[in-house]
>>> print(open('structure-v9.csv').read())   # CSV, C-alpha atoms
chain,number,residue,atom,x,y,z
H,1,ASP,CA,5.2,-18.1,15.6
H,2,ALA,CA,6.1,-17.3,12.0
H,3,GLY,CA,6.3,-13.6,12.6
H,4,VAL,CA,4.3,-10.9,10.9
H,5,ILE,CA,3.1,-12.1,7.5
H,6,GLN,CA,2.3,-9.8,4.7
H,7,SER,CA,0.9,-10.6,1.2
H,8,PRO,CA,1.5,-10.1,-1.6
H,9,ARG,CA,5.3,-9.5,-1.5
H,10,HIS,CA,5.1,-7.6,-4.8
H,11,GLU,CA,2.2,-5.9,-6.5
H,12,VAL,CA,2.2,-4.2,-9.9
H,13,THR,CA,-1.0,-2.5,-10.9
H,14,GLU,CA,-2.3,0.1,-13.3
H,15,MET,CA,-3.3,3.5,-12.2
H,16,GLY,CA,-6.9,3.6,-11.1
H,17,GLN,CA,-7.1,0.0,-10.0
H,18,GLU,CA,-7.9,-1.0,-6.5
H,19,VAL,CA,-5.1,-2.5,-4.4
H,20,THR,CA,-5.5,-4.5,-1.2
H,21,LEU,CA,-2.5,-5.3,1.0
H,22,ARG,CA,-2.8,-7.9,3.7
H,23,CYS,CA,-1.2,-8.5,7.1
H,24,LYS,CA,-1.3,-11.2,9.7
H,25,PRO,CA,0.2,-10.0,13.0
H,26,ILE,CA,1.9,-12.1,15.6
H,27,SER,CA,-0.6,-14.0,17.7
H,28,GLY,CA,-1.3,-12.2,21.0
H,29,HIS,CA,-0.1,-8.8,19.9
H,30,ASP,CA,-2.5,-6.1,20.7
H,31,TYR,CA,-1.1,-3.4,18.4
H,32,LEU,CA,-0.8,-3.4,14.7
H,33,PHE,CA,0.9,-0.7,12.6
H,34,TRP,CA,0.9,0.1,8.9
H,35,TYR,CA,3.9,2.0,7.6
H,36,ARG,CA,4.9,3.3,4.2
H,37,GLN,CA,8.6,3.6,3.1
H,38,THR,CA,9.8,5.8,0.3
H,39,MET,CA,13.2,7.1,-0.6
H,40,MET,CA,12.1,10.7,-0.1
H,41,ARG,CA,10.3,10.4,3.1
H,42,GLY,CA,11.6,7.2,4.8
H,43,LEU,CA,9.3,5.2,7.0
H,44,GLU,CA,6.1,6.9,7.9
H,45,LEU,CA,3.3,5.6,10.1
H,46,LEU,CA,-0.1,5.5,8.2
H,47,ILE,CA,-2.4,4.1,10.9
H,48,TYR,CA,-2.4,1.9,13.9
H,49,PHE,CA,-4.9,-0.4,15.7
H,50,ASN,CA,-5.2,-1.4,19.3
H,51,ASN,CA,-7.3,-4.5,20.0
H,52,ASN,CA,-8.6,-4.3,16.4
H,53,VAL,CA,-9.8,-0.7,16.8
H,54,PRO,CA,-8.2,2.1,14.7
H,55,ILE,CA,-6.7,4.6,17.1
H,56,ASP,CA,-5.0,7.1,14.9
H,57,ASP,CA,-5.2,7.4,11.1
H,58,SER,CA,-3.8,10.9,10.8
H,59,GLY,CA,-0.9,9.5,8.7
H,60,MET,CA,-3.2,8.2,6.0
H,61,PRO,CA,-2.4,10.4,3.0
H,62,GLU,CA,-5.9,10.7,1.4
H,63,ASP,CA,-9.4,9.3,1.4
H,64,ARG,CA,-8.2,6.9,-1.2
H,65,PHE,CA,-6.5,4.9,1.6
H,66,SER,CA,-8.5,2.8,4.0
H,67,ALA,CA,-7.5,0.2,6.6
H,68,LYS,CA,-9.5,-2.4,8.5
H,69,MET,CA,-8.9,-5.0,11.1
H,70,PRO,CA,-11.9,-7.3,11.3
H,71,ASN,CA,-10.3,-9.6,13.8
H,72,ALA,CA,-7.1,-10.0,15.9
H,73,SER,CA,-5.4,-12.0,13.2
H,74,PHE,CA,-6.0,-10.0,10.0
H,75,SER,CA,-5.7,-6.5,8.7
H,76,THR,CA,-6.0,-4.9,5.3
H,77,LEU,CA,-4.8,-1.7,3.7
H,78,LYS,CA,-6.7,-0.7,0.6
H,79,ILE,CA,-6.0,2.0,-2.0
H,80,GLN,CA,-8.8,2.9,-4.3
H,81,PRO,CA,-8.1,4.3,-6.9
H,82,SER,CA,-4.3,3.8,-7.0
H,83,GLU,CA,-2.0,6.4,-8.4
H,84,PRO,CA,1.7,6.2,-9.4
H,85,ARG,CA,2.7,8.3,-6.4
H,86,ASP,CA,1.5,5.5,-4.2
H,87,SER,CA,4.4,3.4,-5.3
H,88,ALA,CA,6.3,2.4,-2.2
H,89,VAL,CA,7.1,-0.4,0.2
H,90,TYR,CA,4.3,-0.9,2.7
H,91,PHE,CA,5.2,-2.5,6.0
H,92,CYS,CA,3.0,-4.0,8.7
H,93,ALA,CA,4.3,-4.4,12.2
H,94,SER,CA,2.8,-5.7,15.5
H,95,SER,CA,3.7,-5.4,19.1
H,96,ALA,CA,2.4,-6.8,22.4
H,97,GLY,CA,2.2,-3.3,24.0
H,98,TRP,CA,2.8,0.4,23.2
H,99,HIS,CA,6.3,0.4,24.7
H,100,THR,CA,7.3,-3.1,23.7
H,101,GLU,CA,9.4,-4.2,20.7
H,102,ALA,CA,7.7,-4.0,17.3
H,103,PHE,CA,8.1,-6.9,14.8
H,104,PHE,CA,8.0,-6.0,11.2
H,105,GLY,CA,6.8,-8.1,8.2
H,106,GLN,CA,8.8,-8.4,5.0
H,107,GLY,CA,6.8,-5.6,3.3
H,108,THR,CA,4.8,-5.3,0.1
H,109,ARG,CA,6.5,-3.5,-2.7
H,110,LEU,CA,3.8,-1.7,-4.6
H,111,THR,CA,4.3,-0.3,-8.1
H,112,VAL,CA,1.5,1.6,-9.8
H,113,VAL,CA,2.1,2.2,-13.5
M,1,LYS,CA,6.7,17.0,16.7
M,2,GLN,CA,9.6,14.6,17.0
M,3,GLU,CA,12.1,14.5,14.2
M,4,VAL,CA,14.9,12.0,13.8
M,5,THR,CA,17.9,12.6,11.6
M,6,GLN,CA,20.7,10.2,10.6
M,7,ILE,CA,24.0,11.2,9.2
M,8,PRO,CA,25.6,10.2,6.9
M,9,ALA,CA,23.0,9.0,4.5
M,10,ALA,CA,25.5,6.6,3.0
M,11,LEU,CA,28.9,5.2,4.0
M,12,SER,CA,31.4,3.0,2.3
M,13,VAL,CA,34.3,1.5,4.3
M,14,PRO,CA,36.9,-1.2,3.8
M,15,GLU,CA,36.5,-4.5,5.6
M,16,GLY,CA,37.9,-4.5,9.2
M,17,GLU,CA,37.4,-0.8,9.8
M,18,ASN,CA,35.6,0.4,13.0
M,19,LEU,CA,32.8,2.8,12.2
M,20,VAL,CA,30.2,5.1,13.8
M,21,LEU,CA,26.7,5.8,12.7
M,22,ASN,CA,24.9,8.9,14.1
M,23,CYS,CA,21.3,9.6,15.0
M,24,SER,CA,19.9,12.8,16.4
M,25,PHE,CA,16.3,13.6,17.7
M,26,THR,CA,14.6,16.9,18.5
M,27,ASP,CA,12.5,16.0,21.5
M,28,SER,CA,14.4,14.4,24.4
M,29,ALA,CA,11.2,13.1,26.1
M,30,ILE,CA,11.6,9.6,24.7
M,31,TYR,CA,10.7,6.2,26.2
M,32,ASN,CA,13.5,4.4,24.4
M,33,LEU,CA,15.6,4.3,21.2
M,34,GLN,CA,16.1,1.4,18.8
M,35,TRP,CA,18.5,0.6,16.1
M,36,PHE,CA,17.3,-1.6,13.2
M,37,ARG,CA,18.9,-3.2,10.3
M,38,GLN,CA,17.2,-3.5,6.9
M,39,ASP,CA,18.5,-5.7,4.1
M,40,PRO,CA,17.4,-5.0,0.5
M,41,GLY,CA,13.9,-6.3,-0.1
M,42,LYS,CA,13.5,-7.4,3.5
M,43,GLY,CA,11.8,-6.1,6.6
M,44,LEU,CA,13.4,-4.5,9.6
M,45,THR,CA,15.4,-6.5,12.2
M,46,SER,CA,15.8,-5.0,15.7
M,47,LEU,CA,19.5,-4.8,16.7
M,48,LEU,CA,19.6,-2.9,20.0
M,49,LEU,CA,17.1,-1.2,22.2
M,50,ILE,CA,18.3,1.4,24.8
M,51,GLN,CA,15.9,2.5,27.5
M,52,SER,CA,15.8,6.2,28.2
M,53,SER,CA,17.5,5.5,31.6
M,54,GLN,CA,20.4,3.7,30.0
M,55,ARG,CA,23.6,5.1,28.5
M,56,GLU,CA,24.5,2.2,26.2
M,57,GLN,CA,23.8,-1.3,25.0
M,58,THR,CA,26.1,-3.9,23.5
M,59,SER,CA,25.5,-6.9,21.4
M,60,GLY,CA,28.5,-8.6,19.9
M,61,ARG,CA,30.4,-6.2,17.7
M,62,LEU,CA,27.7,-3.6,18.1
M,63,ASN,CA,27.6,-0.9,20.7
M,64,ALA,CA,24.8,1.7,20.9
M,65,SER,CA,25.0,4.8,23.1
M,66,LEU,CA,22.4,7.3,24.1
M,67,ASP,CA,22.7,10.9,25.3
M,68,LYS,CA,19.1,11.9,25.9
M,69,SER,CA,19.9,15.5,27.0
M,70,SER,CA,21.7,16.3,23.8
M,71,GLY,CA,19.3,14.2,21.6
M,72,ARG,CA,22.0,12.0,20.2
M,73,SER,CA,22.7,8.3,19.7
M,74,THR,CA,25.5,6.5,18.0
M,75,LEU,CA,25.9,3.0,16.7
M,76,TYR,CA,29.4,1.7,16.8
M,77,ILE,CA,30.3,-1.3,14.7
M,78,ALA,CA,33.7,-2.9,15.4
M,79,ALA,CA,35.8,-4.8,12.8
M,80,SER,CA,33.3,-4.3,10.0
M,81,GLN,CA,32.6,-7.2,7.7
M,82,PRO,CA,30.9,-7.4,4.2
M,83,GLY,CA,28.0,-9.1,5.8
M,84,ASP,CA,27.3,-5.8,7.8
M,85,SER,CA,26.3,-4.1,4.5
M,86,ALA,CA,22.8,-3.0,4.9
M,87,THR,CA,20.7,0.1,5.8
M,88,TYR,CA,20.7,1.0,9.5
M,89,LEU,CA,17.7,2.8,10.9
M,90,CYS,CA,17.4,4.6,14.2
M,91,ALA,CA,13.9,5.0,15.8
M,92,VAL,CA,12.8,6.7,18.9
M,93,MET,CA,9.8,5.6,20.9
M,94,ASN,CA,7.6,8.4,22.2
M,95,TYR,CA,5.4,8.1,25.3
M,96,GLY,CA,2.4,8.8,23.2
M,97,GLY,CA,0.9,10.9,20.5
M,98,SER,CA,-0.3,10.8,16.9
M,99,GLN,CA,3.1,10.0,15.4
M,100,GLY,CA,2.7,6.5,16.7
M,101,ASN,CA,5.1,4.8,19.0
M,102,LEU,CA,8.2,4.7,16.7
M,103,ILE,CA,9.6,7.7,14.7
M,104,PHE,CA,12.2,6.7,12.3
M,105,GLY,CA,15.2,8.4,10.7
M,106,LYS,CA,15.8,7.9,7.0
M,107,GLY,CA,18.7,5.5,7.6
M,108,THR,CA,22.4,5.2,6.8
M,109,LYS,CA,23.2,2.8,3.9
M,110,LEU,CA,26.4,1.0,4.8
M,111,SER,CA,28.6,-0.7,2.3
M,112,VAL,CA,31.6,-2.7,3.6
M,113,LYS,CA,34.0,-3.6,0.8
M,114,PRO,CA,36.0,-6.8,1.0
>>> encode(input="structure-v9.csv", output="structure tokens")
Amino acid sequence: DAGVIQSPRHEVTEMGQEVTLRCKPISGHDYLFWYRQTMMRGLELLIYFNNNVPIDDSGMPEDRFSAKMPNASFSTLKIQPSEPRDSAVYFCASSAGWHTEAFFGQGTRLTVV
Amino acid sequence: KQEVTQIPAALSVPEGENLVLNCSFTDSAIYNLQWFRQDPGKGLTSLLLIQSSQREQTSGRLNASLDKSSGRSTLYIAASQPGDSATYLCAVMNYGGSQGNLIFGKGTKLSVKP
């Protein structure tokens, strides 16, 4: 397996635009996690899915953020409209179970100008 | 709410030195603890995982210890090399809850000078 694959690796967009980040988890993993990393706050969990169902989205900062997992091999994180304070690195991770090792993607570096 | 703290935030050492990175957590009811490495522009790579029932784990020049009762873990790196330069993240895994399964510290940025 190629590991967790995220796209794009880098995204630069203007304030107010819609941004969509994509993630392909490792095949067979039942859990998918979206994290955001900033210098000030470190790594924070935004939302996670179990068997494609969103379980907890309490980490999603605002209604501008939404995430979907239409099938077991694909998830998206959408920001609409984007703001400069959304600039961060967004990571996707997957794991086979709740207490098993999580594998992280390379991340998407988002810059909103 | 679980909180994870890593000290120091940054560390610079000469090559060959042995060093210790510290991690503390506020709630001792953890399932396990993991140490990750993050290189610039890259994702996270798991280094060591210590189950709550274990005291330490070793992999090559790395040794991680866990004292659950005091809420502390250390990562010991022996004979440091320039290739060890990276950010090291500590994360505890809770049994459950809205924080998700992994709660991370902010990391220690290590620089090993040749």
>>> closest_atom_pairs(input="structure-v9.csv", of="chain M", to="chain H", cutoff="10 Å", atoms="all atoms listed in the file", output="CSV")
residue,atom,partner,partner_atom,distance
M:Tyr31,CA,H:His99,CA,7.4
M:Asn32,CA,H:His99,CA,8.2
M:Gln34,CA,H:Glu101,CA,8.9
M:Gln38,CA,H:Gln106,CA,9.9
M:Gly41,CA,H:Gln106,CA,7.5
M:Lys42,CA,H:Gln106,CA,5.0
M:Gly43,CA,H:Gln106,CA,4.1
M:Leu44,CA,H:Phe104,CA,5.8
M:Thr45,CA,H:Phe104,CA,7.5
M:Ser46,CA,H:Phe103,CA,8.0
M:Leu49,CA,H:Glu101,CA,8.4
M:Leu89,CA,H:Leu43,CA,9.6
M:Ala91,CA,H:Leu43,CA,9.9
M:Met93,CA,H:His99,CA,7.3
M:Asn94,CA,H:His99,CA,8.5
M:Tyr95,CA,H:His99,CA,7.8
M:Gly96,CA,H:Trp98,CA,8.4
M:Gly97,CA,H:Asp56,CA,9.0
M:Ser98,CA,H:Asp56,CA,6.3
M:Gln99,CA,H:Leu45,CA,6.9
M:Gly100,CA,H:Leu45,CA,6.7
M:Asn101,CA,H:Trp98,CA,6.5
M:Leu102,CA,H:Leu45,CA,8.3
M:Ile103,CA,H:Glu44,CA,7.7
M:Phe104,CA,H:Leu43,CA,6.2
M:Gly105,CA,H:Gly42,CA,7.0
M:Lys106,CA,H:Gly42,CA,4.8
M:Gly107,CA,H:Gly42,CA,7.8
>>> closest_residue(input="structure-v9.csv", among="M:Ser52, M:Gln6, M:Ser69, M:Ser111", to="Asp84 (chain M)", atoms="all atoms listed in the file")
M:Ser111
>>> closest_residue(input="structure-v9.csv", among="M:Thr108, M:Gln81, M:Gln51, M:Thr5", to="Ile30 (chain M)", atoms="all atoms listed in the file")
M:Gln51
>>> atom_distance(input="structure-v9.csv", atom1="CA of Thr111 (chain H)", atom2="CA of Val12 (chain H)")
4.8 Å
>>> atom_distance(input="structure-v9.csv", atom1="CA of Lys78 (chain H)", atom2="CA of Asp63 (chain H)")
10.4 Å
>>> closest_residue(input="structure-v9.csv", among="H:Thr13, H:Ser66, H:Gln80, H:Gln6", to="Val113 (chain H)", atoms="all atoms listed in the file")
H:Thr13
>>> atom_distance(input="structure-v9.csv", atom1="CA of Leu110 (chain H)", atom2="CA of Ser12 (chain M)")
28.8 Å
>>> residues_near_point(input="structure-v9.csv", point="(37.0, -2.4, 17.5)", cutoff="10 Å", atoms="all atoms listed in the file", output="PyMOL selection string")
chain M and resi 16-19+61-62+76-80
>>> build_atoms(input="structure-v9.csv", residues="region 37-54 of chain M", atoms="N, CA, C and O atoms", output="PDB file, keeping the file's coordinate frame")
ATOM      1  N   ARG M  37      18.196  -2.921  11.510  1.00  0.00           N
ATOM      2  CA  ARG M  37      18.900  -3.200  10.300  1.00  0.00           C
ATOM      3  C   ARG M  37      17.896  -3.605   9.214  1.00  0.00           C
ATOM      4  O   ARG M  37      16.947  -4.364   9.501  1.00  0.00           O
ATOM      5  N   GLN M  38      18.095  -3.107   7.982  1.00  0.00           N
ATOM      6  CA  GLN M  38      17.200  -3.500   6.900  1.00  0.00           C
ATOM      7  C   GLN M  38      18.058  -3.914   5.698  1.00  0.00           C
ATOM      8  O   GLN M  38      18.859  -3.136   5.171  1.00  0.00           O
ATOM      9  N   ASP M  39      17.885  -5.168   5.296  1.00  0.00           N
ATOM     10  CA  ASP M  39      18.500  -5.700   4.100  1.00  0.00           C
ATOM     11  C   ASP M  39      17.646  -5.446   2.906  1.00  0.00           C
ATOM     12  O   ASP M  39      16.419  -5.381   3.042  1.00  0.00           O
ATOM     13  N   PRO M  40      18.216  -5.322   1.713  1.00  0.00           N
ATOM     14  CA  PRO M  40      17.400  -5.000   0.500  1.00  0.00           C
ATOM     15  C   PRO M  40      16.275  -6.016   0.330  1.00  0.00           C
ATOM     16  O   PRO M  40      16.479  -7.224   0.386  1.00  0.00           O
ATOM     17  N   GLY M  41      15.081  -5.481   0.123  1.00  0.00           N
ATOM     18  CA  GLY M  41      13.900  -6.300  -0.100  1.00  0.00           C
ATOM     19  C   GLY M  41      13.412  -7.048   1.122  1.00  0.00           C
ATOM     20  O   GLY M  41      12.552  -7.926   1.010  1.00  0.00           O
ATOM     21  N   LYS M  42      13.937  -6.697   2.277  1.00  0.00           N
ATOM     22  CA  LYS M  42      13.500  -7.400   3.500  1.00  0.00           C
ATOM     23  C   LYS M  42      12.895  -6.401   4.484  1.00  0.00           C
ATOM     24  O   LYS M  42      12.905  -5.188   4.288  1.00  0.00           O
ATOM     25  N   GLY M  43      12.384  -6.974   5.564  1.00  0.00           N
ATOM     26  CA  GLY M  43      11.800  -6.100   6.600  1.00  0.00           C
ATOM     27  C   GLY M  43      12.905  -5.612   7.525  1.00  0.00           C
ATOM     28  O   GLY M  43      14.089  -5.668   7.215  1.00  0.00           O
ATOM     29  N   LEU M  44      12.467  -5.095   8.671  1.00  0.00           N
ATOM     30  CA  LEU M  44      13.400  -4.500   9.600  1.00  0.00           C
ATOM     31  C   LEU M  44      13.682  -5.519  10.748  1.00  0.00           C
ATOM     32  O   LEU M  44      12.766  -6.160  11.265  1.00  0.00           O
ATOM     33  N   THR M  45      14.956  -5.604  11.121  1.00  0.00           N
ATOM     34  CA  THR M  45      15.400  -6.500  12.200  1.00  0.00           C
ATOM     35  C   THR M  45      15.910  -5.591  13.339  1.00  0.00           C
ATOM     36  O   THR M  45      16.804  -4.774  13.109  1.00  0.00           O
ATOM     37  N   SER M  46      15.366  -5.754  14.528  1.00  0.00           N
ATOM     38  CA  SER M  46      15.800  -5.000  15.700  1.00  0.00           C
ATOM     39  C   SER M  46      17.217  -5.430  16.097  1.00  0.00           C
ATOM     40  O   SER M  46      17.462  -6.627  16.269  1.00  0.00           O
ATOM     41  N   LEU M  47      18.136  -4.481  16.258  1.00  0.00           N
ATOM     42  CA  LEU M  47      19.500  -4.800  16.700  1.00  0.00           C
ATOM     43  C   LEU M  47      19.712  -4.538  18.159  1.00  0.00           C
ATOM     44  O   LEU M  47      20.196  -5.395  18.890  1.00  0.00           O
ATOM     45  N   LEU M  48      19.389  -3.318  18.576  1.00  0.00           N
ATOM     46  CA  LEU M  48      19.600  -2.900  20.000  1.00  0.00           C
ATOM     47  C   LEU M  48      18.490  -1.976  20.384  1.00  0.00           C
ATOM     48  O   LEU M  48      18.027  -1.170  19.586  1.00  0.00           O
ATOM     49  N   LEU M  49      18.093  -2.104  21.634  1.00  0.00           N
ATOM     50  CA  LEU M  49      17.100  -1.200  22.200  1.00  0.00           C
ATOM     51  C   LEU M  49      17.703  -0.612  23.475  1.00  0.00           C
ATOM     52  O   LEU M  49      18.174  -1.349  24.351  1.00  0.00           O
ATOM     53  N   ILE M  50      17.716   0.719  23.569  1.00  0.00           N
ATOM     54  CA  ILE M  50      18.300   1.400  24.800  1.00  0.00           C
ATOM     55  C   ILE M  50      17.106   2.103  25.455  1.00  0.00           C
ATOM     56  O   ILE M  50      16.424   2.949  24.863  1.00  0.00           O
ATOM     57  N   GLN M  51      16.889   1.763  26.711  1.00  0.00           N
ATOM     58  CA  GLN M  51      15.900   2.500  27.500  1.00  0.00           C
ATOM     59  C   GLN M  51      16.379   3.888  27.788  1.00  0.00           C
ATOM     60  O   GLN M  51      17.582   4.131  27.814  1.00  0.00           O
ATOM     61  N   SER M  52      15.446   4.793  28.041  1.00  0.00           N
ATOM     62  CA  SER M  52      15.800   6.200  28.200  1.00  0.00           C
ATOM     63  C   SER M  52      16.718   6.385  29.461  1.00  0.00           C
ATOM     64  O   SER M  52      17.471   7.365  29.541  1.00  0.00           O
ATOM     65  N   SER M  53      16.659   5.448  30.406  1.00  0.00           N
ATOM     66  CA  SER M  53      17.500   5.500  31.600  1.00  0.00           C
ATOM     67  C   SER M  53      18.875   4.966  31.417  1.00  0.00           C
ATOM     68  O   SER M  53      19.730   5.085  32.308  1.00  0.00           O
ATOM     69  N   GLN M  54      19.125   4.340  30.262  1.00  0.00           N
ATOM     70  CA  GLN M  54      20.400   3.700  30.000  1.00  0.00           C
ATOM     71  C   GLN M  54      21.316   4.607  29.184  1.00  0.00           C
ATOM     72  O   GLN M  54      20.845   5.498  28.483  1.00  0.00           O
TER      73      GLN M  54
END
